[in-house]
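Text of protein18.txt, listed as compact mmCIF, C-alpha atoms:
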# COMPACT_ATOMS: atom_id res chain seq x y z
CA MET W 227 -43.88 7.97 51.60
CA ARG W 228 -45.15 5.61 49.03
CA THR W 229 -43.79 7.79 46.33
CA LYS W 230 -40.39 8.03 48.02
CA PHE W 231 -40.30 4.25 48.37
CA GLY W 232 -41.29 3.96 44.77
CA ILE W 233 -38.47 6.24 43.69
CA ALA W 234 -35.98 4.39 45.87
CA THR W 235 -37.11 1.06 44.48
CA ALA W 236 -36.89 2.35 40.96
CA ALA W 237 -33.42 3.75 41.64
CA LEU W 238 -32.25 0.48 43.16
CA ALA W 239 -33.76 -1.47 40.32
CA ALA W 240 -32.04 0.82 37.81
CA LEU W 241 -28.73 0.41 39.64
CA PHE W 242 -28.88 -3.36 39.46
CA ALA W 243 -30.35 -3.44 36.01
CA THR W 244 -27.77 -1.18 34.37
CA PRO W 245 -24.87 -3.66 34.10
CA ALA W 246 -27.09 -6.38 32.70
CA LEU W 247 -28.63 -3.99 30.22
CA ALA W 248 -25.21 -2.65 29.26
CA GLN W 249 -23.96 -6.16 28.69
CA ASP W 250 -26.93 -6.98 26.50
CA ALA W 251 -26.52 -3.78 24.55
CA ALA W 252 -22.73 -4.02 24.21
CA PRO W 253 -21.93 -4.09 20.52
CA CYS W 254 -19.97 -6.87 18.85
CA GLU W 255 -16.39 -6.14 17.78
CA LEU W 256 -14.66 -7.12 14.55
CA HIS W 257 -10.90 -6.63 14.68
CA ILE W 258 -9.06 -6.41 11.35
CA TRP W 259 -5.35 -6.92 10.68
CA PRO W 260 -3.59 -6.34 7.33
CA ALA W 261 -1.03 -8.72 5.79
CA GLU W 262 2.68 -8.17 6.14
CA ARG W 263 3.82 -10.78 3.65
CA MET W 264 3.91 -9.90 -0.04
CA THR W 265 5.09 -12.45 -2.55
CA SER W 266 5.58 -12.52 -6.28
CA ILE W 267 5.99 -15.80 -8.08
CA THR W 268 6.71 -15.71 -11.78
CA THR W 269 7.02 -19.01 -13.55
CA GLY W 270 7.86 -19.47 -17.18
CA LEU W 271 7.64 -22.55 -19.33
CA LEU W 272 9.98 -24.30 -16.89
CA GLY W 273 7.08 -24.36 -14.41
CA GLY W 274 8.97 -22.94 -11.46
CA GLY W 275 12.08 -24.01 -9.63
CA LEU W 276 15.56 -22.60 -9.20
CA ILE W 277 16.24 -21.66 -12.82
CA ASP W 278 12.90 -19.90 -13.06
CA ALA W 279 13.53 -18.18 -9.75
CA ALA W 280 16.90 -16.95 -10.99
CA LEU W 281 15.55 -15.82 -14.34
CA HIS W 282 12.69 -13.86 -12.78
CA SER W 283 14.40 -12.69 -9.60
CA GLY W 284 14.52 -9.04 -10.71
CA THR W 285 10.94 -9.04 -11.98
CA ASP W 286 9.64 -10.65 -8.80
CA ALA W 287 11.55 -8.14 -6.66
CA ASN W 288 9.99 -5.26 -8.63
CA ASN W 289 6.55 -6.78 -8.26
CA LYS W 290 7.02 -7.29 -4.54
CA ALA W 291 7.99 -3.64 -4.10
CA SER W 292 4.85 -2.61 -5.99
CA LEU W 293 2.64 -4.91 -3.90
CA ALA W 294 4.11 -3.55 -0.68
CA THR W 295 3.42 0.00 -1.88
CA ALA W 296 -0.03 -0.39 -3.41
CA LEU W 297 -1.23 -2.69 -0.64
CA ASP W 298 0.53 -1.32 2.41
CA SER W 299 -1.29 -1.67 5.73
CA PRO W 300 -3.43 1.50 5.48
CA SER W 301 -4.40 0.63 1.89
CA GLN W 302 -5.54 -2.88 2.85
CA LEU W 303 -7.53 -1.59 5.80
CA ASP W 304 -9.13 1.20 3.77
CA ALA W 305 -9.97 -1.21 0.96
CA LEU W 306 -11.72 -3.60 3.35
CA GLN W 307 -13.56 -0.81 5.14
CA SER W 308 -14.79 0.62 1.84
CA LEU W 309 -16.76 -2.62 1.37
CA ASP W 310 -20.07 -3.47 2.99
CA LEU W 311 -18.52 -5.83 5.54
CA ALA W 312 -21.76 -6.15 7.52
CA THR W 313 -23.46 -7.77 4.54
CA LEU W 314 -20.45 -9.54 3.06
CA ILE W 315 -19.55 -11.50 6.18
CA SER W 316 -22.92 -11.36 7.92
CA LEU W 317 -21.91 -9.22 10.88
CA LYS W 318 -24.37 -8.74 13.72
CA PRO W 319 -26.13 -5.35 13.59
CA GLY W 320 -24.14 -2.57 15.26
CA THR W 321 -20.80 -4.41 15.10
CA ILE W 322 -17.91 -2.04 15.76
CA ILE W 323 -14.94 -2.37 13.41
CA ILE W 324 -11.53 -1.91 15.00
CA THR W 325 -8.52 -1.82 12.68
CA HIS W 326 -4.93 -2.60 13.64
CA ASP W 327 -2.24 -0.82 11.63
CA THR W 328 0.52 -3.25 12.54
CA PRO W 329 0.25 -6.64 10.85
CA LEU W 330 0.43 -9.83 12.87
CA GLU W 331 3.61 -11.82 12.63
CA ARG W 332 2.89 -14.28 9.83
CA LYS W 333 4.41 -17.35 11.45
CA THR W 334 2.15 -16.95 14.51
CA MET W 335 -1.05 -16.72 12.50
CA ASN W 336 -2.02 -20.38 12.65
CA LYS W 337 -0.31 -21.16 15.93
CA VAL W 338 -2.03 -18.65 18.20
CA LYS W 339 -5.53 -19.92 18.87
CA THR W 340 -6.66 -17.21 21.28
CA ARG W 341 -7.77 -13.63 20.65
CA ARG W 342 -5.12 -11.51 18.94
CA SER W 343 -6.20 -8.31 20.70
CA ASP W 344 -6.67 -7.42 24.35
CA SER W 345 -10.39 -6.89 23.89
CA THR W 346 -12.67 -8.56 26.42
CA ALA W 347 -15.82 -7.90 24.42
CA ALA W 348 -18.56 -10.47 24.95
CA CYS W 349 -19.08 -10.71 21.22
CA TYR W 350 -15.75 -10.76 19.38
CA SER W 351 -14.45 -11.80 15.96
CA GLU W 352 -11.33 -11.29 13.84
CA LEU W 353 -10.64 -10.78 10.17
CA ILE W 354 -7.00 -11.35 9.29
CA VAL W 355 -5.35 -10.81 5.91
CA ALA W 356 -2.64 -13.45 5.94
CA ASP W 357 -0.90 -13.32 2.56
CA VAL W 358 -0.87 -11.24 -0.60
CA MET W 359 0.59 -12.97 -3.63
CA TYR W 360 1.06 -12.01 -7.25
CA GLN W 361 1.37 -14.98 -9.55
CA LYS W 362 2.26 -15.18 -13.20
CA ALA W 363 2.07 -18.58 -14.80
CA ALA W 364 2.87 -19.40 -18.39
CA ILE W 365 -0.61 -20.72 -19.18
CA TYR W 366 -2.89 -19.15 -16.58
CA GLY W 367 -1.64 -15.56 -16.86
CA ARG W 368 -1.41 -12.94 -14.13
CA SER W 369 -3.42 -12.87 -10.94
CA LEU W 370 -3.48 -11.47 -7.44
CA ARG W 371 -4.28 -13.97 -4.70
CA THR W 372 -5.09 -13.09 -1.13
CA LEU W 373 -5.45 -15.35 1.89
CA PHE W 374 -8.08 -14.24 4.40
CA MET W 375 -9.08 -15.71 7.74
CA ILE W 376 -12.16 -15.09 9.88
CA ARG W 377 -12.27 -16.29 13.47
CA ASP W 378 -15.30 -15.93 15.71
CA PHE W 379 -14.72 -16.23 19.45
CA GLY W 380 -18.06 -15.35 20.97
CA ALA W 381 -17.54 -14.36 24.59
CA ASP W 382 -14.42 -16.31 25.48
CA GLN W 383 -10.91 -17.11 24.22
CA LYS W 384 -11.93 -20.23 22.30
CA ILE W 385 -12.49 -20.16 18.55
CA ASP W 386 -16.13 -21.04 17.83
CA PHE W 387 -15.82 -20.75 14.08
CA GLU W 388 -12.90 -20.32 11.69
CA TYR W 389 -12.80 -19.96 7.92
CA LYS W 390 -9.57 -19.49 5.99
CA ALA W 391 -9.38 -19.40 2.22
CA TRP W 392 -7.81 -17.75 -0.80
CA GLY W 393 -9.52 -15.25 -3.05
CA GLY W 394 -7.98 -14.72 -6.47
CA ASN W 395 -8.69 -12.71 -9.60
CA GLY W 396 -6.93 -11.89 -12.85
CA LEU W 397 -4.95 -8.72 -13.57
CA LYS W 398 -4.90 -6.74 -16.80
CA LEU W 399 -2.59 -3.80 -16.08
CA PHE W 400 -0.18 -5.06 -13.43
CA PRO W 401 2.78 -5.23 -13.65
CA PRO W 402 3.30 -1.99 -15.61
CA LYS W 403 5.55 -2.08 -18.65
CA GLU W 404 8.76 -0.06 -18.55
CA GLY W 405 8.16 3.59 -19.41
CA GLU W 406 4.38 3.27 -18.96
CA ASP W 407 2.47 4.99 -16.19
CA ALA W 408 2.61 2.71 -13.13
CA ILE W 409 -0.21 4.33 -11.18
CA ALA W 410 -3.10 2.67 -13.01
CA ALA W 411 -1.43 -0.71 -12.48
CA LEU W 412 -0.99 -0.02 -8.75
CA ASP W 413 -4.61 1.07 -8.47
CA GLU W 414 -5.65 -2.15 -10.16
CA LEU W 415 -4.04 -4.14 -7.34
CA ASN W 416 -6.24 -2.31 -4.88
CA GLY W 417 -9.39 -3.04 -6.88
CA VAL W 418 -8.55 -6.72 -7.29
CA PHE W 419 -7.74 -7.00 -3.57
CA LYS W 420 -11.35 -5.94 -2.90
CA LYS W 421 -12.68 -8.39 -5.49
CA ASN W 422 -10.67 -11.13 -3.82
CA PHE W 423 -12.28 -10.34 -0.50
CA GLU W 424 -15.76 -10.38 -2.02
CA GLU W 425 -15.02 -13.79 -3.50
CA TYR W 426 -13.71 -15.02 -0.16
CA ALA W 427 -16.71 -13.55 1.68
CA ASN W 428 -19.16 -15.39 -0.60
CA ASN W 429 -17.48 -18.66 0.28
CA ALA W 430 -17.25 -17.65 3.95
CA ARG W 431 -21.02 -17.03 4.12
CA THR W 432 -21.64 -20.48 2.70
CA ALA W 433 -19.32 -21.95 5.32
CA MET W 434 -21.08 -19.94 8.05
CA SER W 435 -24.46 -21.27 7.00
CA ARG W 436 -23.33 -24.80 7.72
CA ARG W 437 -21.34 -23.67 10.70
CA LYS W 438 -19.49 -26.19 12.79
CA PRO W 439 -17.42 -25.38 15.85
CA ALA W 440 -13.66 -25.20 15.23
CA LYS W 441 -11.68 -28.10 16.60
CA MET Z 178 -21.28 56.27 -16.46
CA ILE Z 179 -20.34 54.59 -13.21
CA GLY Z 180 -21.89 51.38 -14.52
CA THR Z 181 -19.73 51.48 -17.68
CA ARG Z 182 -16.56 52.11 -15.63
CA ALA Z 183 -17.38 49.19 -13.33
CA LEU Z 184 -18.03 46.94 -16.32
CA LEU Z 185 -14.72 47.96 -17.95
CA ALA Z 186 -12.86 47.31 -14.68
CA ALA Z 187 -14.47 43.94 -14.32
CA VAL Z 188 -13.64 42.95 -17.92
CA SER Z 189 -10.02 44.08 -17.58
CA ALA Z 190 -9.71 42.19 -14.27
CA LEU Z 191 -11.15 39.11 -15.93
CA LEU Z 192 -8.67 39.34 -18.80
CA ALA Z 193 -5.74 39.96 -16.48
CA ALA Z 194 -6.58 37.16 -14.04
CA PRO Z 195 -5.34 34.12 -16.01
CA LEU Z 196 -2.06 35.86 -16.84
CA ALA Z 197 -1.44 36.82 -13.24
CA ALA Z 198 -2.34 33.32 -12.07
CA HIS Z 199 -0.05 31.74 -14.61
CA GLU Z 200 2.95 33.81 -13.62
CA GLY Z 201 2.60 33.50 -9.87
CA SER Z 202 3.89 36.04 -7.36
CA ASP Z 203 7.42 36.16 -8.80
CA GLY Z 204 6.57 34.78 -12.22
CA MET Z 205 7.74 31.24 -11.49
CA CYS Z 206 5.82 28.00 -11.30
CA GLU Z 207 6.45 25.76 -8.28
CA LEU Z 208 7.24 22.06 -8.15
CA HIS Z 209 6.58 20.78 -4.64
CA VAL Z 210 8.55 17.66 -3.71
CA TRP Z 211 8.07 15.26 -0.78
CA PRO Z 212 10.56 12.65 0.44
CA ALA Z 213 9.58 9.06 1.33
CA ALA Z 214 8.85 8.10 4.94
CA GLY Z 215 12.01 6.01 5.11
CA LEU Z 216 13.95 3.20 3.50
CA ARG Z 217 12.25 -0.18 3.13
CA PHE Z 218 14.00 -3.47 2.57
CA SER Z 219 13.00 -6.22 0.18
CA ASP Z 220 14.72 -9.56 -0.22
CA GLN Z 221 14.05 -11.84 -3.17
CA GLY Z 222 15.67 -15.07 -2.07
CA MET Z 223 16.81 -18.16 -3.92
CA TRP Z 224 14.00 -20.34 -2.53
CA ASP Z 225 11.15 -17.89 -2.90
CA ASN Z 226 9.49 -19.90 -5.64
CA PHE Z 227 9.50 -22.94 -3.39
CA LYS Z 228 8.36 -21.25 -0.18
CA GLY Z 229 8.74 -24.16 2.19
CA GLY Z 230 7.79 -26.74 -0.40
CA LEU Z 231 11.06 -28.58 0.00
CA ARG Z 232 9.87 -30.20 3.18
CA GLY Z 233 8.74 -33.78 2.80
CA GLY Z 234 9.30 -34.85 -0.75
CA ILE Z 235 10.37 -32.86 -3.75
CA LEU Z 236 7.49 -30.42 -3.37
CA GLY Z 237 6.16 -31.81 -0.13
CA ASN Z 238 2.85 -32.60 -1.84
CA LEU Z 239 2.29 -28.89 -1.98
CA THR Z 240 1.62 -28.53 -5.62
CA THR Z 241 0.43 -24.93 -5.82
CA PRO Z 242 2.40 -21.82 -4.86
CA GLU Z 243 -0.47 -20.78 -2.55
CA ALA Z 244 -0.24 -24.03 -0.63
CA ARG Z 245 3.53 -23.84 -0.40
CA MET Z 246 3.40 -20.24 0.72
CA GLU Z 247 0.80 -20.89 3.36
CA ARG Z 248 2.95 -23.57 4.91
CA SER Z 249 6.13 -21.54 4.75
CA ASP Z 250 7.48 -20.24 8.02
CA ARG Z 251 10.01 -18.03 6.29
CA GLU Z 252 10.55 -14.90 8.33
CA MET Z 253 9.73 -11.49 6.97
CA GLU Z 254 12.69 -9.75 5.52
CA GLN Z 255 14.46 -7.61 8.06
CA LEU Z 256 16.87 -4.86 7.25
CA PRO Z 257 20.17 -5.60 9.03
CA ALA Z 258 20.20 -3.74 12.34
CA ALA Z 259 22.80 -1.04 11.70
CA PRO Z 260 21.61 0.64 8.51
CA ARG Z 261 18.06 1.42 9.59
CA GLU Z 262 18.96 5.10 9.61
CA LEU Z 263 20.15 4.96 6.00
CA MET Z 264 18.31 7.40 3.77
CA ALA Z 265 16.16 8.76 6.56
CA MET Z 266 13.58 11.38 5.64
CA ALA Z 267 15.83 14.30 6.62
CA GLU Z 268 18.65 12.99 4.46
CA GLN Z 269 16.35 12.56 1.48
CA ALA Z 270 15.04 16.11 1.94
CA ALA Z 271 18.62 17.41 2.12
CA LEU Z 272 19.51 15.66 -1.13
CA LEU Z 273 16.40 17.04 -2.82
CA LYS Z 274 17.22 20.55 -1.57
CA ALA Z 275 20.73 20.22 -2.97
CA LEU Z 276 19.34 20.08 -6.48
CA PRO Z 277 19.97 23.46 -8.14
CA ASP Z 278 16.56 23.53 -9.84
CA ALA Z 279 14.01 21.27 -11.46
CA SER Z 280 16.07 20.84 -14.65
CA ILE Z 281 16.90 17.27 -13.63
CA LEU Z 282 13.20 16.56 -14.08
CA GLY Z 283 13.04 18.38 -17.39
CA MET Z 284 11.24 21.34 -15.80
CA PRO Z 285 13.77 24.19 -15.65
CA GLN Z 286 11.03 26.82 -15.47
CA TYR Z 287 9.83 25.47 -12.11
CA ARG Z 288 11.15 26.49 -8.69
CA LEU Z 289 11.71 23.48 -6.42
CA VAL Z 290 9.96 23.60 -3.06
CA VAL Z 291 11.13 20.65 -0.95
CA HIS Z 292 9.05 19.56 2.05
CA ASP Z 293 10.76 18.03 5.08
CA THR Z 294 8.08 15.55 6.07
CA ALA Z 295 6.73 12.69 3.99
CA LEU Z 296 3.09 12.51 3.04
CA GLY Z 297 1.17 9.58 4.50
CA SER Z 298 -0.02 6.72 2.35
CA ARG Z 299 -3.65 7.76 2.87
CA GLU Z 300 -2.95 11.38 1.89
CA ILE Z 301 -1.20 10.30 -1.29
CA ARG Z 302 -4.11 8.09 -2.33
CA SER Z 303 -7.06 10.17 -1.21
CA ILE Z 304 -6.18 13.82 -1.90
CA LYS Z 305 -7.07 14.53 -5.51
CA GLY Z 306 -6.28 18.25 -5.34
CA ARG Z 307 -3.02 19.99 -4.49
CA TYR Z 308 -1.05 18.51 -1.59
CA ALA Z 309 0.19 22.03 -0.83
CA PRO Z 310 -2.82 24.36 -1.02
CA GLU Z 311 -0.75 27.44 -0.12
CA SER Z 312 1.33 27.15 -3.26
CA ALA Z 313 1.92 29.39 -6.26
CA PRO Z 314 -0.92 29.63 -8.77
CA CYS Z 315 1.12 27.57 -11.22
CA TYR Z 316 1.79 24.29 -9.45
CA ALA Z 317 3.00 20.71 -9.87
CA ASP Z 318 3.93 18.09 -7.29
CA LEU Z 319 6.27 15.14 -7.06
CA VAL Z 320 6.02 12.54 -4.30
CA LEU Z 321 8.58 9.88 -3.56
CA ASP Z 322 6.00 7.27 -2.61
CA SER Z 323 8.39 4.43 -1.86
CA LEU Z 324 12.13 4.00 -1.45
CA VAL Z 325 13.28 0.38 -1.37
CA PHE Z 326 16.65 -1.26 -0.86
CA SER Z 327 16.15 -4.43 -2.87
CA ASN Z 328 18.33 -7.51 -2.60
CA GLU Z 329 17.71 -9.92 -5.45
CA TRP Z 330 19.19 -13.38 -5.73
CA GLY Z 331 21.29 -13.69 -8.89
CA ASN Z 332 20.68 -10.04 -9.67
CA GLY Z 333 22.57 -8.11 -6.97
CA GLN Z 334 21.08 -5.20 -5.08
CA ASN Z 335 19.62 -1.86 -6.07
CA LEU Z 336 17.81 1.20 -4.78
CA LYS Z 337 14.27 1.50 -6.15
CA SER Z 338 12.22 4.69 -6.10
CA LEU Z 339 8.54 5.04 -6.94
CA TYR Z 340 7.76 8.62 -7.94
CA ARG Z 341 4.30 10.08 -8.48
CA PHE Z 342 4.07 13.30 -10.48
CA ARG Z 343 1.02 15.52 -11.01
CA ASP Z 344 0.80 18.80 -12.92
CA PHE Z 345 -2.02 21.18 -12.07
CA GLY Z 346 -1.01 24.10 -14.30
CA THR Z 347 -2.93 27.03 -12.88
CA GLY Z 348 -5.99 25.02 -11.96
CA GLU Z 349 -7.17 23.03 -9.00
CA THR Z 350 -7.40 19.67 -10.73
CA SER Z 351 -4.54 17.65 -12.16
CA ILE Z 352 -4.12 18.01 -15.92
CA ARG Z 353 -1.37 15.42 -16.21
CA SER Z 354 -0.09 12.65 -13.98
CA PHE Z 355 2.62 10.05 -14.30
CA GLY Z 356 4.19 7.55 -11.93
CA ALA Z 357 7.04 5.10 -12.40
CA TRP Z 358 9.57 2.94 -10.62
CA VAL Z 359 13.23 3.62 -11.33
CA ASP Z 360 16.24 1.88 -9.87
CA SER Z 361 20.00 2.22 -9.61
CA ARG Z 362 22.39 -0.62 -8.96
CA LEU Z 363 24.28 -0.81 -5.65
CA ALA Z 364 27.58 -2.60 -5.12
CA ILE Z 365 27.55 -3.07 -1.35
CA GLU Z 366 25.63 -6.15 -0.22
CA PRO Z 367 23.22 -6.10 2.75
CA ASP Z 368 25.54 -8.28 4.84
CA GLU Z 369 28.39 -5.80 4.34
CA LEU Z 370 26.35 -2.78 5.42
CA PRO Z 371 27.29 -2.63 9.11
CA ALA Z 372 31.01 -2.74 8.27
CA LYS Z 373 30.85 -0.40 5.28
CA LEU Z 374 28.22 2.02 6.47
CA ASP Z 375 29.96 5.20 5.27
CA GLU Z 376 30.57 3.78 1.80
CA ALA Z 377 27.03 2.46 1.68
CA GLU Z 378 25.65 5.88 2.61
CA ALA Z 379 27.65 7.57 -0.16
CA GLU Z 380 26.58 4.92 -2.65
CA MET Z 381 22.91 5.26 -1.71
CA ARG Z 382 23.02 9.04 -1.91
CA ALA Z 383 24.41 8.78 -5.45
CA ALA Z 384 21.77 6.18 -6.35
CA PHE Z 385 19.03 8.38 -4.87
CA THR Z 386 20.07 11.35 -7.03
CA ASN Z 387 20.50 9.13 -10.08
CA ASN Z 388 16.96 7.83 -9.58
CA ILE Z 389 15.63 11.39 -9.73
CA ALA Z 390 17.42 11.86 -13.04
CA LEU Z 391 16.06 8.54 -14.32
CA PHE Z 392 12.55 9.53 -13.36
CA GLY Z 393 13.07 12.93 -15.00
CA ALA Z 394 14.02 11.16 -18.24
CA ALA Z 395 10.95 8.89 -18.01
CA LEU Z 396 8.73 11.88 -17.30
CA THR Z 397 10.08 13.79 -20.29
CA LYS Z 398 9.70 10.73 -22.52
CA ASN Z 399 6.14 10.22 -21.30
CA ALA Z 400 5.30 13.86 -22.08
CA THR Z 401 6.61 13.62 -25.61
CA THR Z 402 5.27 10.14 -26.44
CA PRO Z 403 1.83 10.22 -27.99
CA PRO Z 404 -0.67 7.89 -26.30
CA LYS Z 405 -1.03 4.47 -27.90
CA GLN Z 406 -3.89 4.09 -30.32
CA GLY Z 407 -6.22 1.17 -29.90
CA LYS Z 408 -6.07 -1.54 -32.56
CA LYS Z 409 -8.32 -0.87 -35.51
CA LYS Z 410 -10.72 -3.63 -36.21

Write the structure described by the file as structure tokens, please.
Amino acid sequence: MRTKFGIATAALAALFATPALAQDAAPCELHIWPAERMTSITTGLLGGGLIDAALHSGTDANNKASLATALDSPSQLDALQSLDLATLISLKPGTIIITHDTPLERKTMNKVKTRRSDSTAACYSELIVADVMYQKAAIYGRSLRTLFMIRDFGADQKIDFEYKAWGGNGLKLFPPKEGEDAIAALDELNGVFKKNFEEYANNARTAMSRRKPAK
Amino acid sequence: MIGTRALLAAVSALLAAPLAAHEGSDGMCELHVWPAAGLRFSDQGMWDNFKGGLRGGILGNLTTPEARMERSDREMEQLPAAPRELMAMAEQAALLKALPDASILGMPQYRLVVHDTALGSREIRSIKGRYAPESAPCYADLVLDSLVFSNEWGNGQNLKSLYRFRDFGTGETSIRSFGAWVDSRLAIEPDELPAKLDEAEAEMRAAFTNNIALFGAALTKNATTPPKQGKKK
């Protein structure tokens, strides 16, 4: 009798305990979105403007096509996932990474202040690639710049922490010269994209360490 | 005696193997070709170097391109509604199949094998071996990675193709690779597409085929150009 009662009590206790335990054990989620906007800005000695834009229109269009190919959505997501995200952006142990193949609409990126996915996870954050930009300036040379944004929501729909910043590094091969093999130059974009994220992540960790709630 | 016969057979098989592999089942090498997933649209506009910087002052206090870009609410380029079907995968495959042989690519000794479905971006980047494992022993492949209808302010419009070529010879690893963008000018502007769809289709088909020829010329030039020597110190 005692044993039966014991079993029943244990069963009841297990029944009530399960949801609480499950909630405690539920892993955090990091949702990642790639960028849709690719831009190439080539400025000569004129320092930008309409004449520069007209002079470099063809070059910038070629560069944009290359960016959109080398850094299409799957490439951006694969590049980010090939990095040690847990260490780079101090993810909680066991965080599940969920990637979204379709980029967010760029103009909504700063306006929408709630979660961008339907997830109701009690521990939820987002990593959004906002912009990818190739820049060539007369003095500074060629570089790839990438705008990243991390938003941490915790358990609700309110942003607890947000950090948005550019990462940028120089390019040696891109854009390829006419007649030369373009593949190495396209691969370079992928490598520099990763370097940009590492640079961003270093700054993001610093910002996290003196974390203040987002307004 | 049996041992000697077996050894002779093995040696003759070993000598014959490379020749047989090189010739393939009917003595021809194969060039496998894949179309692109579809036509993409790119628009290089007049204000792209400003990117929203014209608001509030000459540059709106947005002195760097990054800052201007971040504040820009310029919409993503959208292909006008009607011509989305232009240069669909099936049409590209049909145009590739219409080529008599691989001479246009400077490879007359190769038989063209055109695939109907595009390779995915991940497959193109991650598979280092043959994309078509069930191919002839002597094998090369050509992938149309990207097909772009580009509208450029002050420069008109064109059809751009990014081709990736790999030659495996009779082995399992690539012995030569080359990739390049080529483009052909188009006369019909994006705004005119819905009204001139038939003309636009004909023009794009011609540009598509011309791009193959342009890539073939670049491929041939690349094969015959010796690699650049580093500067001697």

Would you give me, as a JSON list (two decimals) with C-alpha atoms, keeping the file's coordinate frame, the residues of chain W that come within 8 Å of chain Z, using only C-alpha atoms?
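Once everything was written out, this is result_17.json:
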[["chain", "number", "residue", "atom", "x", "y", "z"],
["W", 262, "GLU", "CA", 2.68, -8.17, 6.14],
["W", 263, "ARG", "CA", 3.82, -10.78, 3.65],
["W", 267, "ILE", "CA", 5.99, -15.80, -8.08],
["W", 268, "THR", "CA", 6.71, -15.71, -11.78],
["W", 274, "GLY", "CA", 8.97, -22.94, -11.46],
["W", 275, "GLY", "CA", 12.08, -24.01, -9.63],
["W", 276, "LEU", "CA", 15.56, -22.60, -9.20],
["W", 279, "ALA", "CA", 13.53, -18.18, -9.75],
["W", 280, "ALA", "CA", 16.90, -16.95, -10.99],
["W", 283, "SER", "CA", 14.40, -12.69, -9.60],
["W", 284, "GLY", "CA", 14.52, -9.04, -10.71],
["W", 286, "ASP", "CA", 9.64, -10.65, -8.80],
["W", 287, "ALA", "CA", 11.55, -8.14, -6.66],
["W", 290, "LYS", "CA", 7.02, -7.29, -4.54],
["W", 291, "ALA", "CA", 7.99, -3.64, -4.10],
["W", 295, "THR", "CA", 3.42, 0.00, -1.88],
["W", 300, "PRO", "CA", -3.43, 1.50, 5.48],
["W", 301, "SER", "CA", -4.40, 0.63, 1.89],
["W", 332, "ARG", "CA", 2.89, -14.28, 9.83],
["W", 333, "LYS", "CA", 4.41, -17.35, 11.45],
["W", 357, "ASP", "CA", -0.90, -13.32, 2.56],
["W", 359, "MET", "CA", 0.59, -12.97, -3.63],
["W", 405, "GLY", "CA", 8.16, 3.59, -19.41],
["W", 406, "GLU", "CA", 4.38, 3.27, -18.96],
["W", 407, "ASP", "CA", 2.47, 4.99, -16.19],
["W", 408, "ALA", "CA", 2.61, 2.71, -13.13],
["W", 409, "ILE", "CA", -0.21, 4.33, -11.18]]

Practice item. Work out how far CA of Pro212 in chain Z is from CA of Val290 in chain Z, in Å to one decimal. Key: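 Taking CA of Val290 in chain Z as the start and CA of Pro212 in chain Z as the end point, the length is 11.5 Å.
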
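Nearest-residue note for Asn422 in chain W: choosing from W:Tyr350, W:Trp259, W:Phe400, W:Phe374, the minimum distance belongs to W:Phe374, counting only C-alpha atoms.
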
Practice item. Work out how far CA of Thr265 in chain W is from CA of His282 in chain W, in Å to one decimal. Key: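 If I compute the distance from CA of His282 in chain W to CA of Thr265 in chain W, I get 12.8 Å.
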
Practice item. Find the distance between CA of Asp278 in chain Z and CA of Ala295 in chain Z and write it in Å to one decimal. Key: 20.1 Å

Point to revise | Residues within 12 Å of Asp310 in chain W, all atoms listed in the file, excluding chain neighbours under 6 positions, as a PyMOL selection string | key: chain W and resi 304+316-317+323+420+423-424+427

Exercise for review: Pick out the residues sitting within 9 Å of range 378-383 of chain W, and hand them over as a ChimeraX atom specification; count all atoms listed in the file, and ignore anything fewer than 6 positions along from it in its own chain.
Suggested key: /W:254,256,339-341,346-353

Please dump the current selection as a PDB file, in the coordinates of the input; keep C-alpha atoms.
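Output file part_30.pdb is given in full below:
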ATOM      1  CA  CYS W 254     -19.970  -6.870  18.850  1.00  0.00           C
ATOM      2  CA  LEU W 256     -14.660  -7.120  14.550  1.00  0.00           C
ATOM      3  CA  LYS W 339      -5.530 -19.920  18.870  1.00  0.00           C
ATOM      4  CA  THR W 340      -6.660 -17.210  21.280  1.00  0.00           C
ATOM      5  CA  ARG W 341      -7.770 -13.630  20.650  1.00  0.00           C
ATOM      6  CA  THR W 346     -12.670  -8.560  26.420  1.00  0.00           C
ATOM      7  CA  ALA W 347     -15.820  -7.900  24.420  1.00  0.00           C
ATOM      8  CA  ALA W 348     -18.560 -10.470  24.950  1.00  0.00           C
ATOM      9  CA  CYS W 349     -19.080 -10.710  21.220  1.00  0.00           C
ATOM     10  CA  TYR W 350     -15.750 -10.760  19.380  1.00  0.00           C
ATOM     11  CA  SER W 351     -14.450 -11.800  15.960  1.00  0.00           C
ATOM     12  CA  GLU W 352     -11.330 -11.290  13.840  1.00  0.00           C
ATOM     13  CA  LEU W 353     -10.640 -10.780  10.170  1.00  0.00           C
TER      14      LEU W 353
END

**Study point:** Selection near Leu415 in chain W, 8 Å with all atoms listed in the file, sequence-local residues under 5 positions removed, as a PyMOL selection string
**Key:** chain W and resi 293+296-297+370+397+400
